[in-house]
file start02.cif (mmCIF, C-alpha atoms)
data_coords
loop_
_atom_site.label_atom_id
_atom_site.label_comp_id
_atom_site.auth_asym_id
_atom_site.auth_seq_id
_atom_site.Cartn_x
_atom_site.Cartn_y
_atom_site.Cartn_z
CA MET Z 718 31.46 10.68 -32.11
CA MET Z 719 31.01 12.20 -28.65
CA ALA Z 720 32.70 15.55 -28.12
CA ALA Z 721 35.42 15.74 -25.47
CA ARG Z 722 33.29 17.87 -23.17
CA ASP Z 723 30.41 15.37 -23.44
CA SER Z 724 32.78 12.52 -22.54
CA ALA Z 725 33.75 14.40 -19.41
CA LYS Z 726 30.08 14.83 -18.49
CA VAL Z 727 29.36 11.12 -18.85
CA ALA Z 728 32.40 10.28 -16.73
CA ALA Z 729 30.98 12.61 -14.08
CA GLY Z 730 27.54 11.04 -14.39
CA LEU Z 731 26.01 13.80 -16.48
CA GLY Z 732 24.72 13.35 -19.99
CA SER Z 733 23.15 15.24 -22.83
CA ALA Z 734 20.61 13.87 -25.28
CA SER Z 735 20.08 16.38 -28.06
CA GLY Z 736 20.76 19.24 -25.66
CA VAL Z 737 18.48 17.95 -22.89
CA LYS Z 738 20.48 17.40 -19.70
CA LEU Z 739 19.78 14.07 -18.06
CA ASP Z 740 21.81 11.81 -15.82
CA ALA Z 741 23.92 9.35 -17.78
CA ALA Z 742 22.18 6.40 -16.10
CA VAL Z 743 18.81 7.59 -17.39
CA ILE Z 744 20.18 8.02 -20.91
CA ALA Z 745 21.67 4.53 -20.78
CA ALA Z 746 18.25 3.12 -19.80
CA LEU Z 747 16.62 4.52 -22.96
CA PRO Z 748 16.55 2.48 -26.19
CA LYS Z 749 19.79 2.51 -28.16
CA GLY Z 750 19.93 5.43 -30.57
CA CYS Z 751 17.11 7.27 -28.79
CA ARG Z 752 17.25 11.08 -28.83
CA VAL Z 753 15.52 12.99 -26.03
CA LEU Z 754 13.93 16.07 -27.57
CA ALA Z 755 12.46 17.61 -24.43
CA ALA Z 756 12.13 17.04 -20.69
CA ALA Z 757 9.47 18.84 -18.68
CA ASP Z 758 8.13 18.58 -15.14
CA HIS Z 759 4.90 16.62 -15.15
CA GLY Z 760 2.45 15.87 -12.37
CA VAL Z 761 2.96 16.19 -8.64
CA SER Z 762 4.76 13.80 -6.30
CA GLN Z 763 5.03 14.09 -2.53
CA TRP Z 764 8.30 12.21 -2.59
CA GLY Z 765 10.30 13.07 -5.68
CA LYS Z 766 10.63 14.78 -9.03
CA THR Z 767 8.45 13.64 -11.94
CA GLN Z 768 9.05 14.46 -15.61
CA ARG Z 769 7.80 13.65 -19.08
CA LEU Z 770 10.49 12.93 -21.66
CA ASP Z 771 9.71 13.44 -25.34
CA ALA Z 772 12.00 11.24 -27.42
CA GLU Z 773 12.70 10.03 -30.93
CA LEU Z 774 13.79 6.44 -31.48
CA ALA Z 775 16.51 5.41 -33.90
CA ASP Z 776 13.91 4.63 -36.59
CA GLY Z 777 12.32 8.07 -36.25
CA THR Z 778 9.35 6.93 -34.14
CA ARG Z 779 8.28 9.45 -31.50
CA ARG Z 780 7.84 8.12 -27.99
CA ARG Z 781 7.23 9.59 -24.54
CA TYR Z 782 8.49 8.37 -21.19
CA PHE Z 783 7.69 9.09 -17.57
CA LEU Z 784 10.68 9.64 -15.27
CA LYS Z 785 10.42 9.67 -11.47
CA THR Z 786 13.43 10.41 -9.27
CA VAL Z 787 13.50 9.74 -5.51
CA HIS Z 788 16.36 10.75 -3.21
CA ASN Z 789 17.53 8.92 -0.12
CA SER Z 790 17.32 10.69 3.18
CA ARG Z 791 20.77 11.36 4.62
CA ASN Z 792 20.80 8.44 7.08
CA SER Z 793 19.57 5.73 4.72
CA THR Z 794 21.74 2.89 3.50
CA SER Z 795 21.36 0.55 0.55
CA ASN Z 796 21.13 -3.21 0.93
CA LYS Z 797 20.72 -3.95 -2.78
CA ASN Z 798 17.01 -4.41 -2.27
CA ASN Z 799 17.18 -7.89 -0.81
CA ALA Z 800 13.66 -8.48 0.49
CA THR Z 801 14.96 -10.59 3.37
CA ALA Z 802 17.28 -7.82 4.56
CA ALA Z 803 14.64 -5.90 6.48
CA PRO Z 804 16.07 -2.77 8.10
CA ALA Z 805 15.95 -2.24 11.84
CA THR Z 806 13.30 0.14 13.13
CA ALA Z 807 15.80 2.94 13.75
CA THR Z 808 17.07 2.91 10.18
CA ALA Z 809 13.62 2.11 8.77
CA THR Z 810 12.60 5.70 9.46
CA ALA Z 811 14.88 6.79 6.61
CA ILE Z 812 13.88 7.16 2.98
CA ASP Z 813 15.43 4.44 0.84
CA GLY Z 814 14.94 5.64 -2.72
CA GLU Z 815 16.37 2.44 -4.18
CA ALA Z 816 13.73 0.29 -2.49
CA VAL Z 817 10.98 2.69 -3.61
CA VAL Z 818 11.86 2.69 -7.31
CA CYS Z 819 12.90 -0.96 -7.55
CA GLY Z 820 9.79 -2.02 -5.66
CA GLU Z 821 7.57 0.04 -7.94
CA TYR Z 822 9.30 -1.35 -11.04
CA GLU Z 823 8.84 -4.97 -9.92
CA SER Z 824 5.25 -4.25 -8.82
CA MET Z 825 4.28 -2.81 -12.20
CA ARG Z 826 5.94 -5.73 -13.97
CA ALA Z 827 3.96 -8.17 -11.82
CA ILE Z 828 0.66 -6.36 -12.45
CA ARG Z 829 1.22 -6.27 -16.20
CA ALA Z 830 2.08 -9.96 -16.23
CA VAL Z 831 -1.51 -10.62 -15.10
CA VAL Z 832 -3.47 -7.76 -16.72
CA PRO Z 833 -1.14 -6.41 -19.44
CA ASP Z 834 -2.68 -2.99 -20.03
CA PHE Z 835 -3.69 -2.20 -16.44
CA ALA Z 836 -0.47 -0.28 -15.71
CA PRO Z 837 2.06 1.74 -17.71
CA ALA Z 838 4.92 -0.44 -18.93
CA PRO Z 839 8.03 -0.07 -16.73
CA VAL Z 840 11.23 0.37 -18.74
CA ALA Z 841 14.04 0.49 -16.20
CA TRP Z 842 15.09 1.56 -12.74
CA GLY Z 843 18.51 2.58 -11.51
CA THR Z 844 20.77 4.91 -9.57
CA TYR Z 845 22.12 8.18 -10.87
CA ARG Z 846 25.78 8.15 -11.80
CA SER Z 847 26.09 11.77 -10.72
CA ASP Z 848 24.43 11.19 -7.32
CA ALA Z 849 24.51 7.82 -5.56
CA GLY Z 850 21.62 8.95 -3.35
CA ALA Z 851 19.26 9.56 -6.29
CA HIS Z 852 17.28 6.70 -7.81
CA PHE Z 853 14.89 6.64 -10.76
CA ILE Z 854 12.20 4.61 -12.45
CA LEU Z 855 11.51 5.05 -16.15
CA SER Z 856 8.22 3.92 -17.66
CA ALA Z 857 6.04 4.44 -20.70
CA PHE Z 858 4.05 7.68 -20.61
CA ARG Z 859 0.26 7.37 -20.71
CA ASP Z 860 -2.08 10.29 -21.34
CA MET Z 861 -4.70 10.42 -18.60
CA ALA Z 862 -8.23 11.70 -19.07
CA PRO Z 863 -8.75 14.88 -17.01
CA ALA Z 864 -10.87 14.92 -13.91
CA VAL Z 865 -14.50 15.91 -14.10
CA PRO Z 866 -16.40 17.69 -11.31
CA THR Z 867 -16.86 15.33 -8.38
CA SER Z 868 -20.64 15.65 -8.51
CA ALA Z 869 -20.57 13.99 -11.91
CA VAL Z 870 -18.95 10.79 -10.63
CA GLY Z 871 -20.25 10.44 -7.11
CA PRO Z 872 -22.12 12.00 -4.22
CA SER Z 873 -19.09 13.27 -2.33
CA PRO Z 874 -18.60 17.07 -2.51
CA THR Z 875 -14.89 16.83 -1.82
CA THR Z 876 -12.20 17.62 -4.32
CA ALA Z 877 -9.86 14.78 -5.17
CA PRO Z 878 -6.11 15.43 -4.86
CA SER Z 879 -5.70 14.24 -8.43
CA ASP Z 880 -6.20 15.76 -11.85
CA ASN Z 881 -7.16 12.37 -13.30
CA ALA Z 882 -10.67 11.20 -14.09
CA MET Z 883 -12.21 8.53 -11.89
CA PRO Z 884 -12.55 5.18 -13.64
CA SER Z 885 -15.92 3.53 -14.22
CA PRO Z 886 -16.86 1.33 -11.23
CA GLU Z 887 -17.74 -1.64 -13.44
CA ARG Z 888 -14.73 -1.44 -15.74
CA PHE Z 889 -12.31 -0.77 -12.93
CA ALA Z 890 -13.73 -3.59 -10.80
CA ALA Z 891 -13.44 -5.99 -13.73
CA ARG Z 892 -9.72 -5.25 -14.12
CA LEU Z 893 -9.02 -5.36 -10.40
CA ALA Z 894 -10.86 -8.66 -10.06
CA ALA Z 895 -8.84 -10.02 -12.99
CA LEU Z 896 -5.65 -8.99 -11.20
CA HIS Z 897 -6.62 -10.60 -7.90
CA GLU Z 898 -8.13 -13.75 -9.38
CA GLY Z 899 -5.70 -14.17 -12.25
CA SER Z 900 -2.44 -13.80 -10.35
CA GLU Z 901 -0.64 -17.08 -9.81
CA PRO Z 902 0.25 -17.53 -6.14
CA PRO Z 903 3.99 -17.56 -5.49
CA PRO Z 904 5.80 -20.83 -4.74
CA ALA Z 905 4.14 -22.71 -1.88
CA GLY Z 906 1.27 -20.20 -1.96
CA ARG Z 907 2.82 -17.83 0.53
CA PHE Z 908 2.28 -14.17 1.43
CA GLY Z 909 4.95 -11.53 0.73
CA PHE Z 910 7.00 -10.27 -2.20
CA HIS Z 911 10.40 -11.00 -3.71
CA VAL Z 912 11.87 -7.48 -3.32
CA ARG Z 913 11.50 -4.72 -0.76
CA THR Z 914 8.80 -2.17 -1.53
CA GLY Z 915 7.94 1.25 -0.15
CA ALA Z 916 4.47 2.68 0.41
CA GLY Z 917 5.04 6.37 -0.12
CA VAL Z 918 8.74 6.45 0.72
CA LEU Z 919 8.66 4.29 3.85
CA PRO Z 920 9.19 0.53 3.90
CA GLN Z 921 6.33 -1.90 4.17
CA HIS Z 922 6.52 -5.46 5.39
CA VAL Z 923 6.93 -7.98 2.57
CA ALA Z 924 9.44 -10.49 3.97
CA PRO Z 925 10.00 -13.15 5.07
CA TRP Z 926 7.50 -15.17 3.09
CA GLU Z 927 4.75 -16.45 5.34
CA ASP Z 928 2.25 -19.31 5.06
CA SER Z 929 -0.39 -17.74 7.32
CA TRP Z 930 -2.18 -14.53 6.39
CA GLU Z 931 -2.91 -13.81 10.05
CA VAL Z 932 0.78 -14.02 10.94
CA PHE Z 933 1.86 -12.01 7.91
CA PHE Z 934 -0.64 -9.22 8.55
CA ALA Z 935 0.20 -9.03 12.26
CA ARG Z 936 3.88 -8.58 11.40
CA SER Z 937 3.02 -5.97 8.79
CA LEU Z 938 0.87 -3.97 11.20
CA ARG Z 939 3.50 -4.26 13.95
CA GLN Z 940 6.14 -2.83 11.62
CA SER Z 941 3.90 0.11 10.73
CA LEU Z 942 3.08 0.85 14.37
CA ASP Z 943 6.76 0.65 15.35
CA LEU Z 944 7.64 2.91 12.43
CA GLU Z 945 5.04 5.48 13.45
CA ALA Z 946 6.31 5.46 17.04
CA ALA Z 947 9.96 5.76 15.92
CA ARG Z 948 9.25 8.65 13.57
CA ARG Z 949 7.19 10.43 16.23
CA ALA Z 950 10.10 10.12 18.64
CA ALA Z 951 12.56 11.39 16.02
CA ALA Z 952 10.29 14.38 15.38
CA GLY Z 953 10.00 15.18 19.11
CA ARG Z 954 6.31 14.27 19.27
CA THR Z 955 4.58 12.97 22.39
CA PRO Z 956 5.21 9.22 22.74
CA TRP Z 957 2.40 6.71 22.89
CA GLY Z 958 2.32 6.02 26.62
CA SER Z 959 1.49 2.88 28.59
CA LYS Z 960 -2.28 3.08 28.08
CA MET Z 961 -1.94 3.10 24.32
CA ASP Z 962 0.49 0.20 24.58
CA ALA Z 963 -2.18 -1.71 26.51
CA LEU Z 964 -4.72 -1.14 23.73
CA ALA Z 965 -2.18 -2.20 21.13
CA ALA Z 966 -1.59 -5.42 23.08
CA LEU Z 967 -5.32 -6.17 22.93
CA LEU Z 968 -5.24 -5.45 19.23
CA PHE Z 969 -2.65 -8.16 18.62
CA ASP Z 970 -3.77 -10.64 21.28
CA ARG Z 971 -7.49 -10.53 20.55
CA VAL Z 972 -8.64 -8.39 17.62
CA ILE Z 973 -6.37 -9.80 14.90
CA PRO Z 974 -7.00 -13.45 15.87
CA ARG Z 975 -10.74 -12.74 16.19
CA LEU Z 976 -11.01 -11.25 12.68
CA LEU Z 977 -8.36 -13.10 10.65
CA ARG Z 978 -8.02 -16.57 12.14
CA PRO Z 979 -11.50 -17.68 10.99
CA LEU Z 980 -10.37 -17.06 7.39
CA GLU Z 981 -7.96 -19.98 7.81
CA SER Z 982 -10.10 -22.29 9.99
CA ASN Z 983 -12.69 -25.03 9.43
CA GLY Z 984 -11.21 -25.98 6.10
CA ARG Z 985 -11.06 -22.39 4.83
CA SER Z 986 -7.92 -20.81 3.45
CA VAL Z 987 -6.79 -17.50 2.01
CA ARG Z 988 -5.48 -17.68 -1.53
CA PRO Z 989 -2.58 -15.22 -1.92
CA ALA Z 990 -3.58 -12.58 -4.49
CA LEU Z 991 -1.35 -9.97 -6.07
CA VAL Z 992 -2.50 -6.58 -4.76
CA HIS Z 993 -1.58 -3.06 -5.87
CA GLY Z 994 -0.75 -2.22 -2.26
CA ASP Z 995 -1.64 1.48 -2.20
CA LEU Z 996 -4.83 1.65 -4.24
CA TRP Z 997 -6.35 4.99 -3.38
CA HIS Z 998 -8.02 6.98 -6.12
CA ALA Z 999 -5.05 9.29 -6.79
CA ASN Z 1000 -3.05 6.24 -7.92
CA THR Z 1001 -5.56 5.47 -10.67
CA GLY Z 1002 -6.70 7.08 -13.89
CA VAL Z 1003 -8.34 6.55 -17.25
CA ASP Z 1004 -6.33 6.25 -20.46
CA ALA Z 1005 -7.31 9.27 -22.56
CA HIS Z 1006 -7.10 7.25 -25.79
CA THR Z 1007 -8.58 3.88 -24.86
CA GLY Z 1008 -10.90 4.83 -22.00
CA GLU Z 1009 -9.56 1.92 -19.97
CA SER Z 1010 -8.70 2.05 -16.28
CA LEU Z 1011 -5.07 2.42 -15.21
CA VAL Z 1012 -3.15 2.03 -11.96
CA PHE Z 1013 0.34 3.27 -11.09
CA ASP Z 1014 2.63 3.94 -8.09
CA ALA Z 1015 2.17 0.32 -7.00
CA CYS Z 1016 3.88 -1.32 -4.00
CA SER Z 1017 2.59 -4.81 -4.56
CA PHE Z 1018 2.78 -8.06 -2.63
CA TYR Z 1019 0.73 -11.24 -2.26
CA ALA Z 1020 -2.06 -10.73 0.26
CA HIS Z 1021 -5.70 -11.41 1.08
CA ASN Z 1022 -7.53 -9.72 -1.79
CA GLU Z 1023 -9.77 -7.79 0.62
CA TYR Z 1024 -6.70 -6.07 2.05
CA GLU Z 1025 -6.84 -3.79 -1.01
CA PHE Z 1026 -10.11 -2.29 0.24
CA GLY Z 1027 -8.77 -1.09 3.58
CA GLN Z 1028 -7.46 1.87 1.60
CA TRP Z 1029 -11.01 2.55 0.41
CA ARG Z 1030 -12.43 3.01 3.92
CA PRO Z 1031 -11.13 6.48 4.84
CA ALA Z 1032 -13.63 9.24 4.06
CA CYS Z 1033 -11.12 11.12 1.89
CA ASN Z 1034 -11.04 8.32 -0.65
CA ARG Z 1035 -13.38 8.32 -3.64
CA PHE Z 1036 -13.70 4.60 -4.22
CA ASP Z 1037 -17.22 4.44 -2.81
CA LYS Z 1038 -19.76 1.66 -2.37
CA ARG Z 1039 -20.37 1.42 -6.12
CA TYR Z 1040 -16.84 0.15 -6.67
CA LEU Z 1041 -17.08 -2.46 -3.91
CA ASP Z 1042 -20.47 -3.63 -5.14
CA ALA Z 1043 -19.16 -3.94 -8.70
CA TYR Z 1044 -16.14 -5.93 -7.47
CA HIS Z 1045 -18.20 -8.30 -5.36
CA GLN Z 1046 -20.48 -9.00 -8.30
CA LEU Z 1047 -17.39 -10.74 -9.68
CA VAL Z 1048 -15.57 -11.92 -6.54
CA ALA Z 1049 -17.45 -13.11 -3.48
CA LYS Z 1050 -16.66 -11.79 -0.02
CA SER Z 1051 -14.50 -14.14 2.01
CA GLU Z 1052 -16.11 -16.34 4.61
CA PRO Z 1053 -17.13 -15.69 7.29
CA VAL Z 1054 -19.00 -12.83 5.60
CA LYS Z 1055 -20.24 -11.52 8.96
CA ASP Z 1056 -16.66 -10.39 9.68
CA TYR Z 1057 -16.25 -8.54 6.37
CA ASP Z 1058 -16.72 -5.01 7.74
CA GLY Z 1059 -14.47 -5.71 10.70
CA ARG Z 1060 -11.74 -7.10 8.45
CA LEU Z 1061 -11.83 -4.03 6.23
CA ASP Z 1062 -11.66 -1.75 9.27
CA LEU Z 1063 -8.63 -3.70 10.49
CA TYR Z 1064 -7.00 -3.32 7.09
CA LYS Z 1065 -7.89 0.37 7.15
CA LEU Z 1066 -5.91 0.71 10.38
CA LYS Z 1067 -2.83 -0.59 8.58
CA PHE Z 1068 -3.11 2.13 5.91
CA ASN Z 1069 -3.93 4.88 8.41
CA THR Z 1070 -0.96 3.88 10.57
CA HIS Z 1071 1.40 4.08 7.60
CA VAL Z 1072 0.01 7.49 6.62
CA ALA Z 1073 0.48 8.71 10.21
CA ALA Z 1074 4.11 7.57 9.99
CA LEU Z 1075 4.60 9.37 6.69
CA PHE Z 1076 3.19 12.67 7.98
CA VAL Z 1077 4.16 12.77 11.66
CA GLU Z 1078 3.78 16.55 11.73
CA ASP Z 1079 0.00 16.16 11.29
CA GLU Z 1080 -1.31 15.24 14.72
CA SER Z 1081 -4.81 14.57 13.36
CA LEU Z 1082 -3.47 11.52 11.51
CA HIS Z 1083 -2.05 10.12 14.75
CA GLU Z 1084 -5.42 10.70 16.44
CA GLN Z 1085 -7.18 8.98 13.56
CA MET Z 1086 -4.94 5.95 13.99
CA MET Z 1087 -5.55 5.82 17.75
CA ASN Z 1088 -9.31 6.13 17.25
CA ASP Z 1089 -9.17 3.20 14.83
CA ILE Z 1090 -7.41 1.09 17.47
CA ARG Z 1091 -9.91 2.07 20.15
CA ASP Z 1092 -12.82 1.24 17.88
CA LEU Z 1093 -11.47 -2.17 16.92
CA VAL Z 1094 -10.64 -3.10 20.51
CA GLU Z 1095 -14.08 -2.03 21.71
CA ARG Z 1096 -15.82 -4.05 18.99
CA TYR Z 1097 -13.64 -7.16 18.89
CA GLY Z 1098 -11.36 -7.13 21.93
CA ASN Z 1099 -13.63 -8.88 24.42
CA GLU Z 1100 -12.48 -12.46 24.97
CA ASP Z 1101 -16.07 -13.50 25.71
CA ASP Z 1102 -16.96 -12.48 22.16
CA MET Z 1103 -14.09 -14.65 20.90
CA GLN Z 1104 -15.49 -17.65 22.74
CA GLU Z 1105 -19.01 -17.05 21.42
CA ASP Z 1106 -17.59 -16.92 17.91
CA GLU Z 1107 -15.70 -20.14 18.57
CA GLU Z 1108 -18.97 -21.88 19.47
CA GLU Z 1109 -20.70 -20.52 16.38
CA GLU Z 1110 -17.88 -21.76 14.18
CA GLU Z 1111 -17.66 -25.12 16.03
CA SER Z 1112 -13.92 -24.64 15.92
CA SER Z 1113 -11.16 -25.23 18.44
CA ILE Z 1114 -8.93 -22.47 17.09
CA TYR Z 1115 -9.02 -20.55 20.36
CA GLU Z 1116 -8.67 -23.50 22.75
CA SER Z 1117 -5.08 -22.55 23.48
CA ARG Z 1118 -6.31 -19.26 24.90
CA SER Z 1119 -7.83 -20.09 28.26
CA PRO Z 1120 -10.24 -17.38 29.46
CA SER Z 1121 -9.40 -15.62 32.67
CA SER Z 1122 -12.13 -16.04 35.25
CA GLY Z 1123 -12.95 -12.37 35.67
CA ASN Z 1124 -12.84 -11.35 32.07
CA ASN Z 1125 -16.57 -10.98 31.48
CA GLU Z 1126 -18.12 -8.38 29.22
CA LEU Z 1127 -18.89 -5.88 31.99
CA GLU Z 1128 -15.32 -5.93 33.31
CA PHE Z 1129 -13.96 -5.62 29.80
CA ARG Z 1130 -16.17 -2.58 29.06
CA GLN Z 1131 -15.15 -0.95 32.34
CA ALA Z 1132 -11.45 -1.52 31.67
CA PHE Z 1133 -11.78 -0.31 28.10
CA SER Z 1134 -13.66 2.81 29.21
CA LEU Z 1135 -10.90 3.61 31.71
CA LEU Z 1136 -8.23 3.28 29.03
CA CYS Z 1137 -10.11 5.55 26.67
CA ARG Z 1138 -10.70 8.23 29.30
CA THR Z 1139 -6.98 8.40 29.99
CA ASN Z 1140 -4.86 10.76 27.92
CA LEU Z 1141 -3.00 8.36 25.63
#

call {"tool": "encode", "arguments": {"input": "start02.cif", "output": "structure tokens"}}
result
Amino acid sequence: MMAARDSAKVAAGLGSASGVKLDAAVIAALPKGCRVLAAADHGVSQWGKTQRLDAELADGTRRRYFLKTVHNSRNSTSNKNNATAAPATATATAIDGEAVVCGEYESMRAIRAVVPDFAPAPVAWGTYRSDAGAHFILSAFRDMAPAVPTSAVGPSPTTAPSDNAMPSPERFAARLAALHEGSEPPPAGRFGFHVRTGAGVLPQHVAPWEDSWEVFFARSLRQSLDLEAARRAAAGRTPWGSKMDALAALLFDRVIPRLLRPLESNGRSVRPALVHGDLWHANTGVDAHTGESLVFDACSFYAHNEYEFGQWRPACNRFDKRYLDAYHQLVAKSEPVKDYDGRLDLYKLKFNTHVAALFVEDESLHEQMMNDIRDLVERYGNEDDMQEDEEEEESSIYESRSPSSGNNELEFRQAFSLLCRTNL
């Protein structure tokens, strides 16, 4: 029987499992009759508190769990994680812990439904009874193999911001390919996800469901750019300015159609694949007991499978060419292959924009984002190039975009040069 003082704690949202103080909601999420023997901080999270729970089940079996807690920022509001209830830009700058933990829980469930042992098993997610602004996800604990010196796994001399070992390129690529190829597209084969998700602790675009990958990606990138601008303004940072707005307009009017529309033209289509959503090397590891690759901290949705590799483009990431080569031994590059590098650089911009929004105090990340936009516009923003590509593809996909008479390559280069010389 529970002592009177323990009953009072539970009523207040506090609980005790064999002397270990945990929120009552966390205790309720554990198996019935489970005793928590110890709780200790484990790992590092930019966004919340992470712990390992050592427990004993009712039958005496020992088990360990991983607990992550994320708090709302003060101006966030809950909308019960309805994916269609996308927050306005002003409120989207807030941290919504509920969306983060629920999105991660549903993402890990979806990944495990395709490749069962590729991610730790999620157990539950919920909101603290003692603090309505604190939300948690509980999952099975997996021992990770420790990192080895970088020189032993690749040519890069940098140190990874992770204590986990890098997975084998071949074994990791095999599991990732199985995830992308084995995931059943959602109803009607559309792009998106059924609940809101957060990359880091900021929202990413997953709704409404969309038939076209070009349209879905454009909306996703627009949300990230708007979010970065809103968070810069809230932090008192220098706003974009009209010249940067002009480059962004070229990005949406020319670059995205130039690189993504051919994927869905001339009888081609993009099969929606379940992606991890934030697959940089610090969100992966190697199971210390099985040697198999693992992923965690997912913010999944259905996307073009190559979207995953935009996160592999920044120099700080340790998924190098060996991983891409191993993957494409199993899964061919999408047609047209000649646009592959451009597509990945476009996808890289999406990740770099979101990172710039997460860390608005780091001006170098904003500059990196702007340089990405400049580079893409210079390479793919000339309408003459779009028309040449149309002729090569023997497609009428750009017929609705009539060329302006003076928009030749020389004039485009001159205009682009002027924009880039201006302080943006």

call {"tool": "closest_atom_pairs", "arguments": {"input": "start02.cif", "of": "segment 992-1012 of chain Z", "to": "segment 1061-1066 of chain Z", "cutoff": "12 Å", "atoms": "all atoms listed in the file", "output": "JSON lines"}}
result
{"residue": "Z:Gly994", "atom": "CA", "partner": "Z:Tyr1064", "partner_atom": "CA", "distance": 11.3}
{"residue": "Z:Asp995", "atom": "CA", "partner": "Z:Lys1065", "partner_atom": "CA", "distance": 11.3}
{"residue": "Z:Leu996", "atom": "CA", "partner": "Z:Lys1065", "partner_atom": "CA", "distance": 11.9}
{"residue": "Z:Trp997", "atom": "CA", "partner": "Z:Lys1065", "partner_atom": "CA", "distance": 11.6}

call {"tool": "write_last_selection", "arguments": {"input": "start02.cif", "atoms": "C-alpha atoms", "output": "JSON list (two decimals), keeping the file's coordinate frame"}}
result
[["chain", "number", "residue", "atom", "x", "y", "z"],
["Z", 994, "GLY", "CA", -0.75, -2.22, -2.26],
["Z", 995, "ASP", "CA", -1.64, 1.48, -2.20],
["Z", 996, "LEU", "CA", -4.83, 1.65, -4.24],
["Z", 997, "TRP", "CA", -6.35, 4.99, -3.38]]

call {"tool": "resolve_selection", "arguments": {"input": "start02.cif", "expression": "the PyMOL selection byres ((chain Z and resi 773) around 9)", "output": "PDB file with C-alpha atoms, keeping the file's coordinate frame"}}
result
ATOM      1  CA  GLY Z 750      19.930   5.430 -30.570  1.00  0.00           C
ATOM      2  CA  CYS Z 751      17.110   7.270 -28.790  1.00  0.00           C
ATOM      3  CA  ARG Z 752      17.250  11.080 -28.830  1.00  0.00           C
ATOM      4  CA  VAL Z 753      15.520  12.990 -26.030  1.00  0.00           C
ATOM      5  CA  LEU Z 754      13.930  16.070 -27.570  1.00  0.00           C
ATOM      6  CA  ASP Z 771       9.710  13.440 -25.340  1.00  0.00           C
ATOM      7  CA  ALA Z 772      12.000  11.240 -27.420  1.00  0.00           C
ATOM      8  CA  LEU Z 774      13.790   6.440 -31.480  1.00  0.00           C
ATOM      9  CA  ALA Z 775      16.510   5.410 -33.900  1.00  0.00           C
ATOM     10  CA  ASP Z 776      13.910   4.630 -36.590  1.00  0.00           C
ATOM     11  CA  GLY Z 777      12.320   8.070 -36.250  1.00  0.00           C
ATOM     12  CA  THR Z 778       9.350   6.930 -34.140  1.00  0.00           C
ATOM     13  CA  ARG Z 779       8.280   9.450 -31.500  1.00  0.00           C
ATOM     14  CA  ARG Z 780       7.840   8.120 -27.990  1.00  0.00           C
ATOM     15  CA  ARG Z 781       7.230   9.590 -24.540  1.00  0.00           C
TER      16      ARG Z 781
END

call {"tool": "atom_distance", "arguments": {"input": "start02.cif", "atom1": "atom CA of Ala1074 of chain Z", "atom2": "atom CA of Leu944 of chain Z"}}
result
6.3 Å

call {"tool": "atom_distance", "arguments": {"input": "start02.cif", "atom1": "atom CA of Leu1011 of chain Z", "atom2": "atom CA of Ala836 of chain Z"}}
result
5.4 Å

call {"tool": "residues_around", "arguments": {"input": "start02.cif", "residues": "segment 905-916 of chain Z", "least_positions_apart": "4", "cutoff": "9 Å", "atoms": "only C-alpha atoms", "output": "MDAnalysis selection string"}}
result
chainID Z and resid 798:803 812:814 816:821 823:824 901 920:930 933 988:990 994:995 1014:1021 1071

call {"tool": "write_last_selection", "arguments": {"input": "start02.cif", "atoms": "C-alpha atoms", "output": "tab-separated table (two decimals), in the coordinates of the input"}}
result
chain	number	residue	atom	x	y	z
Z	798	ASN	CA	17.01	-4.41	-2.27
Z	799	ASN	CA	17.18	-7.89	-0.81
Z	800	ALA	CA	13.66	-8.48	0.49
Z	801	THR	CA	14.96	-10.59	3.37
Z	802	ALA	CA	17.28	-7.82	4.56
Z	803	ALA	CA	14.64	-5.90	6.48
Z	812	ILE	CA	13.88	7.16	2.98
Z	813	ASP	CA	15.43	4.44	0.84
Z	814	GLY	CA	14.94	5.64	-2.72
Z	816	ALA	CA	13.73	0.29	-2.49
Z	817	VAL	CA	10.98	2.69	-3.61
Z	818	VAL	CA	11.86	2.69	-7.31
Z	819	CYS	CA	12.90	-0.96	-7.55
Z	820	GLY	CA	9.79	-2.02	-5.66
Z	821	GLU	CA	7.57	0.04	-7.94
Z	823	GLU	CA	8.84	-4.97	-9.92
Z	824	SER	CA	5.25	-4.25	-8.82
Z	901	GLU	CA	-0.64	-17.08	-9.81
Z	920	PRO	CA	9.19	0.53	3.90
Z	921	GLN	CA	6.33	-1.90	4.17
Z	922	HIS	CA	6.52	-5.46	5.39
Z	923	VAL	CA	6.93	-7.98	2.57
Z	924	ALA	CA	9.44	-10.49	3.97
Z	925	PRO	CA	10.00	-13.15	5.07
Z	926	TRP	CA	7.50	-15.17	3.09
Z	927	GLU	CA	4.75	-16.45	5.34
Z	928	ASP	CA	2.25	-19.31	5.06
Z	929	SER	CA	-0.39	-17.74	7.32
Z	930	TRP	CA	-2.18	-14.53	6.39
Z	933	PHE	CA	1.86	-12.01	7.91
Z	988	ARG	CA	-5.48	-17.68	-1.53
Z	989	PRO	CA	-2.58	-15.22	-1.92
Z	990	ALA	CA	-3.58	-12.58	-4.49
Z	994	GLY	CA	-0.75	-2.22	-2.26
Z	995	ASP	CA	-1.64	1.48	-2.20
Z	1014	ASP	CA	2.63	3.94	-8.09
Z	1015	ALA	CA	2.17	0.32	-7.00
Z	1016	CYS	CA	3.88	-1.32	-4.00
Z	1017	SER	CA	2.59	-4.81	-4.56
Z	1018	PHE	CA	2.78	-8.06	-2.63
Z	1019	TYR	CA	0.73	-11.24	-2.26
Z	1020	ALA	CA	-2.06	-10.73	0.26
Z	1021	HIS	CA	-5.70	-11.41	1.08
Z	1071	HIS	CA	1.40	4.08	7.60
